[in-house]
>>> print(open('coords_0.txt').read())   # compact mmCIF, C-alpha atoms
# COMPACT_ATOMS: atom_id res chain seq x y z
CA MET R 1 43.97 108.99 164.63
CA PHE R 2 45.73 106.19 162.70
CA TYR R 3 48.83 104.69 164.35
CA ARG R 4 51.46 102.49 162.71
CA ASP R 5 53.64 100.09 164.65
CA ASN R 6 57.42 99.95 164.18
CA LYS R 7 57.15 96.96 161.86
CA SER R 8 54.83 98.83 159.52
CA ILE R 9 57.03 101.91 159.57
CA ASN R 10 60.13 99.81 158.74
CA LEU R 11 58.26 98.16 155.87
CA ILE R 12 57.24 101.56 154.50
CA ARG R 13 60.81 102.88 154.82
CA ARG R 14 62.18 99.75 153.16
CA TYR R 15 59.68 100.14 150.31
CA GLN R 16 60.58 103.81 149.88
CA PHE R 17 64.31 102.95 149.91
CA MET R 18 63.80 100.21 147.31
CA LYS R 19 61.73 102.56 145.16
CA THR R 20 64.40 105.26 145.36
CA SER R 21 67.12 102.70 144.59
CA ILE R 22 65.26 101.43 141.54
CA ILE R 23 64.75 104.97 140.23
CA PHE R 24 68.43 105.81 140.88
CA CYS R 25 69.64 102.64 139.18
CA SER R 26 67.30 103.30 136.25
CA ILE R 27 68.73 106.81 135.86
CA LEU R 28 72.29 105.43 135.97
CA PHE R 29 71.34 102.81 133.40
CA LEU R 30 69.84 105.43 131.09
CA LEU R 31 72.88 107.67 131.49
CA SER R 32 75.19 104.74 130.83
CA SER R 33 73.10 103.69 127.83
CA CYS R 34 73.29 107.23 126.41
CA GLU R 35 77.03 107.27 127.05
CA VAL R 36 77.50 103.91 125.37
CA LYS R 37 75.28 104.97 122.47
CA GLU R 38 77.35 108.12 121.93
CA GLN R 39 80.61 106.17 122.01
CA ALA R 40 79.14 103.50 119.72
CA GLU R 41 78.19 106.20 117.21
CA GLN R 42 81.70 107.67 117.38
CA LEU R 43 83.15 104.20 116.94
CA LYS R 44 80.92 103.56 113.92
CA ALA R 45 82.15 106.83 112.42
CA LEU R 46 85.73 105.68 113.08
CA GLU R 47 85.14 102.63 110.87
CA VAL R 48 84.53 104.80 107.79
CA CYS R 49 87.62 106.94 108.36
CA THR R 50 90.60 106.65 106.05
CA TYR R 51 94.06 105.82 107.38
CA GLU R 52 97.45 106.68 105.96
CA ILE R 53 101.05 106.93 107.10
CA GLU R 54 101.85 110.62 107.48
CA SER R 55 105.57 110.17 108.18
CA VAL R 56 108.20 108.14 110.00
CA ASP R 57 110.06 110.06 112.70
CA SER R 58 112.65 107.37 113.25
CA ALA R 59 113.29 103.80 112.20
CA TYR R 60 116.24 101.84 113.52
CA LEU R 61 117.33 98.24 113.16
CA ALA R 62 119.93 97.20 115.75
CA ASN R 63 120.51 100.96 116.41
CA VAL R 64 121.26 101.61 112.72
CA ASP R 65 118.90 103.94 110.86
CA LEU R 66 117.25 102.08 108.00
CA ASN R 67 117.99 104.85 105.54
CA GLN R 68 121.70 103.92 105.68
CA LEU R 69 120.82 100.48 104.35
CA VAL R 70 119.13 101.85 101.24
CA THR R 71 121.62 102.53 98.41
CA GLY R 72 121.47 103.01 94.68
CA GLY R 73 122.19 99.35 94.26
CA GLY R 74 119.41 98.16 96.50
CA PHE R 75 118.80 97.28 100.12
CA ASN R 76 121.29 95.27 102.17
CA LEU R 77 120.27 94.16 105.67
CA LEU R 78 123.80 93.09 106.60
CA LYS R 79 125.59 96.14 105.18
CA ALA R 80 126.27 97.78 108.56
CA PRO R 81 128.70 95.98 110.95
CA GLN R 82 126.33 96.56 113.89
CA ILE R 83 123.56 94.68 112.11
CA ALA R 84 125.86 91.80 111.17
CA PHE R 85 127.00 91.59 114.80
CA ALA R 86 123.40 91.71 116.05
CA TYR R 87 122.45 89.01 113.56
CA LEU R 88 125.23 86.73 114.81
CA ASN R 89 123.93 87.28 118.35
CA GLN R 90 120.40 86.45 117.18
CA LYS R 91 119.07 89.86 118.19
CA MET R 92 117.54 92.26 115.67
CA PRO R 93 115.63 95.00 117.55
CA LEU R 94 113.48 97.15 115.28
CA ARG R 95 112.12 100.40 116.67
CA GLY R 96 110.58 103.53 115.29
CA ILE R 97 107.71 106.01 115.40
CA VAL R 98 105.10 105.83 112.68
CA ASN R 99 102.78 108.83 112.50
CA LEU R 100 99.36 107.50 111.53
CA LYS R 101 96.96 110.04 110.02
CA ILE R 102 93.21 109.45 110.43
CA ILE R 103 90.83 111.42 108.21
CA ASN R 104 87.09 111.52 108.87
CA PRO R 105 85.09 112.05 105.65
CA GLY R 106 81.75 111.31 107.36
CA GLN R 107 79.13 113.62 108.80
CA GLU R 108 79.53 112.44 112.40
CA ASP R 109 82.47 113.02 114.75
CA ALA R 110 84.60 109.93 115.27
CA GLY R 111 86.29 109.10 118.54
CA ILE R 112 87.81 106.48 120.76
CA ASN R 113 89.08 106.44 124.35
CA LYS R 114 92.00 104.09 123.84
CA PHE R 115 92.71 101.00 121.79
CA GLU R 116 94.94 97.98 121.44
CA TYR R 117 96.42 97.44 118.00
CA LYS R 118 98.06 94.76 115.89
CA VAL R 119 99.95 95.36 112.65
CA PHE R 120 100.28 92.59 110.06
CA VAL R 121 102.36 92.59 106.90
CA LYS R 122 100.71 90.06 104.63
CA SER R 123 99.67 87.45 107.19
CA THR R 124 102.62 87.95 109.56
CA GLU R 125 102.04 89.83 112.82
CA LEU R 126 104.75 92.47 113.07
CA PHE R 127 103.75 94.78 115.93
CA THR R 128 101.33 94.95 118.84
CA GLY R 129 100.74 97.75 121.30
CA LEU R 130 98.38 100.09 123.11
CA ILE R 131 97.43 103.71 122.38
CA ASP R 132 96.33 105.02 125.76
CA GLN R 133 94.89 108.40 124.83
CA LYS R 134 91.51 109.86 123.91
CA ILE R 135 91.21 110.53 120.19
CA ASN R 136 88.58 112.68 118.48
CA ILE R 137 88.31 113.36 114.75
CA LYS R 138 85.88 116.03 113.64
CA ALA R 139 83.40 115.28 110.86
CA ASN R 140 83.53 116.54 107.25
CA GLY R 141 87.23 116.07 106.60
CA GLY R 142 88.65 116.54 110.07
CA SER R 143 91.92 114.75 110.75
CA THR R 144 94.40 113.91 113.47
CA VAL R 145 97.87 112.38 113.56
CA ILE R 146 98.70 109.71 116.13
CA PRO R 147 102.33 108.78 116.86
CA VAL R 148 102.49 104.99 117.05
CA ARG R 149 105.68 103.80 118.73
CA GLN R 150 106.99 100.43 117.57
CA GLU R 151 109.63 98.22 119.12
CA LYS R 152 110.20 94.52 118.55
CA ASP R 153 112.97 91.99 118.09
CA ILE R 154 112.44 90.65 114.57
CA TYR R 155 115.31 88.15 114.47
CA GLN R 156 113.00 85.15 114.07
CA LEU R 157 111.30 86.86 111.16
CA ILE R 158 114.40 88.18 109.41
CA SER R 159 116.52 85.06 109.96
CA ASN R 160 114.37 83.27 107.39
CA PRO R 161 116.29 83.51 104.06
CA GLY R 162 113.03 83.78 102.14
CA ASN R 163 111.94 86.78 104.23
CA GLN R 164 115.35 88.43 103.80
CA GLN R 165 115.08 88.06 100.04
CA ALA R 166 111.51 89.36 100.01
CA VAL R 167 112.51 92.50 101.95
CA THR R 168 115.55 93.07 99.71
CA ASP R 169 113.52 92.63 96.53
CA PHE R 170 110.73 94.89 97.79
CA LEU R 171 113.03 97.79 98.69
CA SER R 172 115.49 97.36 95.80
CA ASP R 173 113.06 97.25 92.87
CA THR R 174 112.89 100.51 90.91
CA THR R 175 109.34 99.76 89.81
CA GLU R 176 106.54 100.30 92.28
CA LYS R 177 105.39 97.29 94.27
CA THR R 178 102.83 97.08 97.04
CA VAL R 179 102.46 94.87 100.08
CA PRO R 180 99.20 94.36 102.03
CA VAL R 181 99.24 95.84 105.52
CA THR R 182 96.48 95.03 108.02
CA PHE R 183 95.85 97.24 111.02
CA LYS R 184 93.59 95.76 113.71
CA ILE R 185 92.28 97.85 116.60
CA LYS R 186 90.32 96.85 119.70
CA PRO R 187 88.64 99.94 121.17
CA TYR R 188 87.65 100.48 124.79
CA PHE R 189 84.38 102.00 125.98
CA LEU R 190 84.42 104.20 129.05
CA ILE R 191 81.38 103.97 131.33
CA GLY R 192 81.95 106.17 134.33
CA SER R 193 85.41 105.15 135.48
CA LYS R 194 85.18 101.61 134.12
CA GLU R 195 86.79 100.58 130.84
CA ILE R 196 85.11 97.87 128.77
CA ALA R 197 86.87 96.33 125.77
CA TYR R 198 85.10 96.06 122.43
CA PRO R 199 84.35 92.36 121.82
CA ASP R 200 86.32 92.14 118.57
CA TYR R 201 88.98 93.89 116.51
CA ILE R 202 88.15 96.42 113.80
CA THR R 203 90.15 95.50 110.70
CA ILE R 204 91.65 98.11 108.38
CA GLU R 205 93.19 96.91 105.12
CA GLU R 206 95.79 99.05 103.37
CA LYS R 207 98.55 98.67 100.79
CA LEU R 208 102.05 100.08 101.28
CA SER R 209 104.30 100.65 98.27
CA ASN R 210 108.07 100.28 98.24
CA THR R 211 108.58 103.78 96.81
CA THR R 212 106.41 105.31 99.52
CA LEU R 213 108.21 103.44 102.29
CA ILE R 214 111.64 104.53 101.02
CA SER R 215 110.44 108.15 100.79
CA TYR R 216 109.25 107.94 104.43
CA LEU R 217 112.65 106.68 105.54
CA LYS R 218 114.49 109.43 103.67
CA LYS R 219 112.25 112.15 105.13
CA ALA R 220 112.96 110.89 108.63
CA TYR R 221 116.60 111.91 108.60
>>> encode(input="coords_0.txt", output="structure tokens")
Amino acid sequence: MFYRDNKSINLIRRYQFMKTSIIFCSILFLLSSCEVKEQAEQLKALEVCTYEIESVDSAYLANVDLNQLVTGGGFNLLKAPQIAFAYLNQKMPLRGIVNLKIINPGQEDAGINKFEYKVFVKSTELFTGLIDQKINIKANGGSTVIPVRQEKDIYQLISNPGNQQAVTDFLSDTTEKTVPVTFKIKPYFLIGSKEIAYPDYITIEEKLSNTTLISYLKKAY
């Protein structure tokens, strides 16, 4: 009969434990890799989606709805007494809900767990925020609408006379004009219970026309 001493038995047990641990870790790695691959494919599909503003539920500047500032004669930022008062106090809070529609024309489902976003008008950063919800857009024309809440004090931006004139001209012109709008999103991967941020922002370039923006504001009220 073959006998093993305690040292040999401990070595065998340690080897078996290490072997089991390696197999377990390998399985976790493969599962995580599959999970990451699936999310990466959904993210890739998200890049080919089209984005458009579905509607604006509300848009207020210094607690005055922006539609009240649009008249037949143009757009006047200081028309309402509340806005003039806010301007004198160097506070111009802008808030609203923009409903962003995402359409997936591809053949693969698109999805994302959550994402940070930045909105630029021309080269000026206007809004930043976080959409903390899982989003899935079915392939072959599937779509979803995401309410994006915005709130920011834009006094520094609007106090510039050149910016004031640009906004007035854009919303007062009867002919259609467009302004470049850039939407940047930083997605998050979910591996188990751990969230990992995508290393860079995905950039979406769009153009917003003055006639479209005014129609959104009018529909909101």
>>> closest_residue(input="coords_0.txt", among="R:Leu213, R:Ile102, R:Ile185, R:Val167", to="R:Ala59", atoms="only C-alpha atoms")
R:Leu213
>>> residues_near_point(input="coords_0.txt", point="(83.4, 112.8, 108.4)", cutoff="12 Å", atoms="all atoms listed in the file", output="PyMOL selection string")
chain R and resi 42+44-50+102-111+136-143
>>> atom_distance(input="coords_0.txt", atom1="atom CA of R:Lys101", atom2="atom CA of R:Tyr51")
5.8 Å
>>> atom_distance(input="coords_0.txt", atom1="atom CA of R:Tyr155", atom2="atom CA of R:Ser123")
17.3 Å
>>> residues_around(input="coords_0.txt", residues="R:Glu176", least_positions_apart="3", cutoff="7 Å", atoms="all atoms listed in the file", output="ChimeraX atom specification")
/R:209-211
>>> atom_distance(input="coords_0.txt", atom1="atom CA of R:Asn113", atom2="atom CA of R:Gly129")
14.9 Å
>>> decode(input="coords_0.txt", residues="stretch 78-93 of chain R", atoms="N, CA and C atoms", output="short mmCIF file (atom, residue, chain, number, x, y, z; two decimals), in the first residue's frame")
data_model
loop_
_atom_site.label_atom_id
_atom_site.label_comp_id
_atom_site.auth_asym_id
_atom_site.auth_seq_id
_atom_site.Cartn_x
_atom_site.Cartn_y
_atom_site.Cartn_z
N LEU R 78 -34.82 89.94 -23.95
CA LEU R 78 -35.11 90.78 -22.79
C LEU R 78 -36.55 91.31 -22.81
N LYS R 79 -37.42 90.63 -23.57
CA LYS R 79 -38.80 91.07 -23.68
C LYS R 79 -39.54 90.93 -22.34
N ALA R 80 -39.37 89.80 -21.67
CA ALA R 80 -40.09 89.54 -20.42
C ALA R 80 -39.37 90.22 -19.25
N PRO R 81 -40.11 90.86 -18.33
CA PRO R 81 -39.49 91.52 -17.17
C PRO R 81 -38.67 90.55 -16.32
N GLN R 82 -39.12 89.30 -16.19
CA GLN R 82 -38.38 88.33 -15.37
C GLN R 82 -36.98 88.08 -15.94
N ILE R 83 -36.90 88.05 -17.27
CA ILE R 83 -35.60 87.80 -17.90
C ILE R 83 -34.69 89.01 -17.74
N ALA R 84 -35.26 90.21 -17.88
CA ALA R 84 -34.46 91.42 -17.69
C ALA R 84 -33.93 91.48 -16.26
N PHE R 85 -34.79 91.12 -15.30
CA PHE R 85 -34.38 91.12 -13.89
C PHE R 85 -33.28 90.09 -13.66
N ALA R 86 -33.47 88.89 -14.23
CA ALA R 86 -32.47 87.83 -14.08
C ALA R 86 -31.15 88.25 -14.71
N TYR R 87 -31.23 88.94 -15.84
CA TYR R 87 -30.02 89.39 -16.53
C TYR R 87 -29.26 90.39 -15.67
N LEU R 88 -29.99 91.30 -15.03
CA LEU R 88 -29.34 92.29 -14.16
C LEU R 88 -28.68 91.61 -12.96
N ASN R 89 -29.23 90.49 -12.54
CA ASN R 89 -28.67 89.74 -11.41
C ASN R 89 -27.64 88.70 -11.86
N GLN R 90 -27.33 88.74 -13.14
CA GLN R 90 -26.32 87.85 -13.74
C GLN R 90 -26.65 86.37 -13.51
N LYS R 91 -27.95 86.07 -13.66
CA LYS R 91 -28.40 84.68 -13.57
C LYS R 91 -29.42 84.42 -14.67
N MET R 92 -29.10 83.46 -15.55
CA MET R 92 -29.99 83.14 -16.65
C MET R 92 -30.16 81.62 -16.74
N PRO R 93 -30.92 81.03 -15.81
CA PRO R 93 -31.09 79.56 -15.84
C PRO R 93 -31.94 79.11 -17.02
#
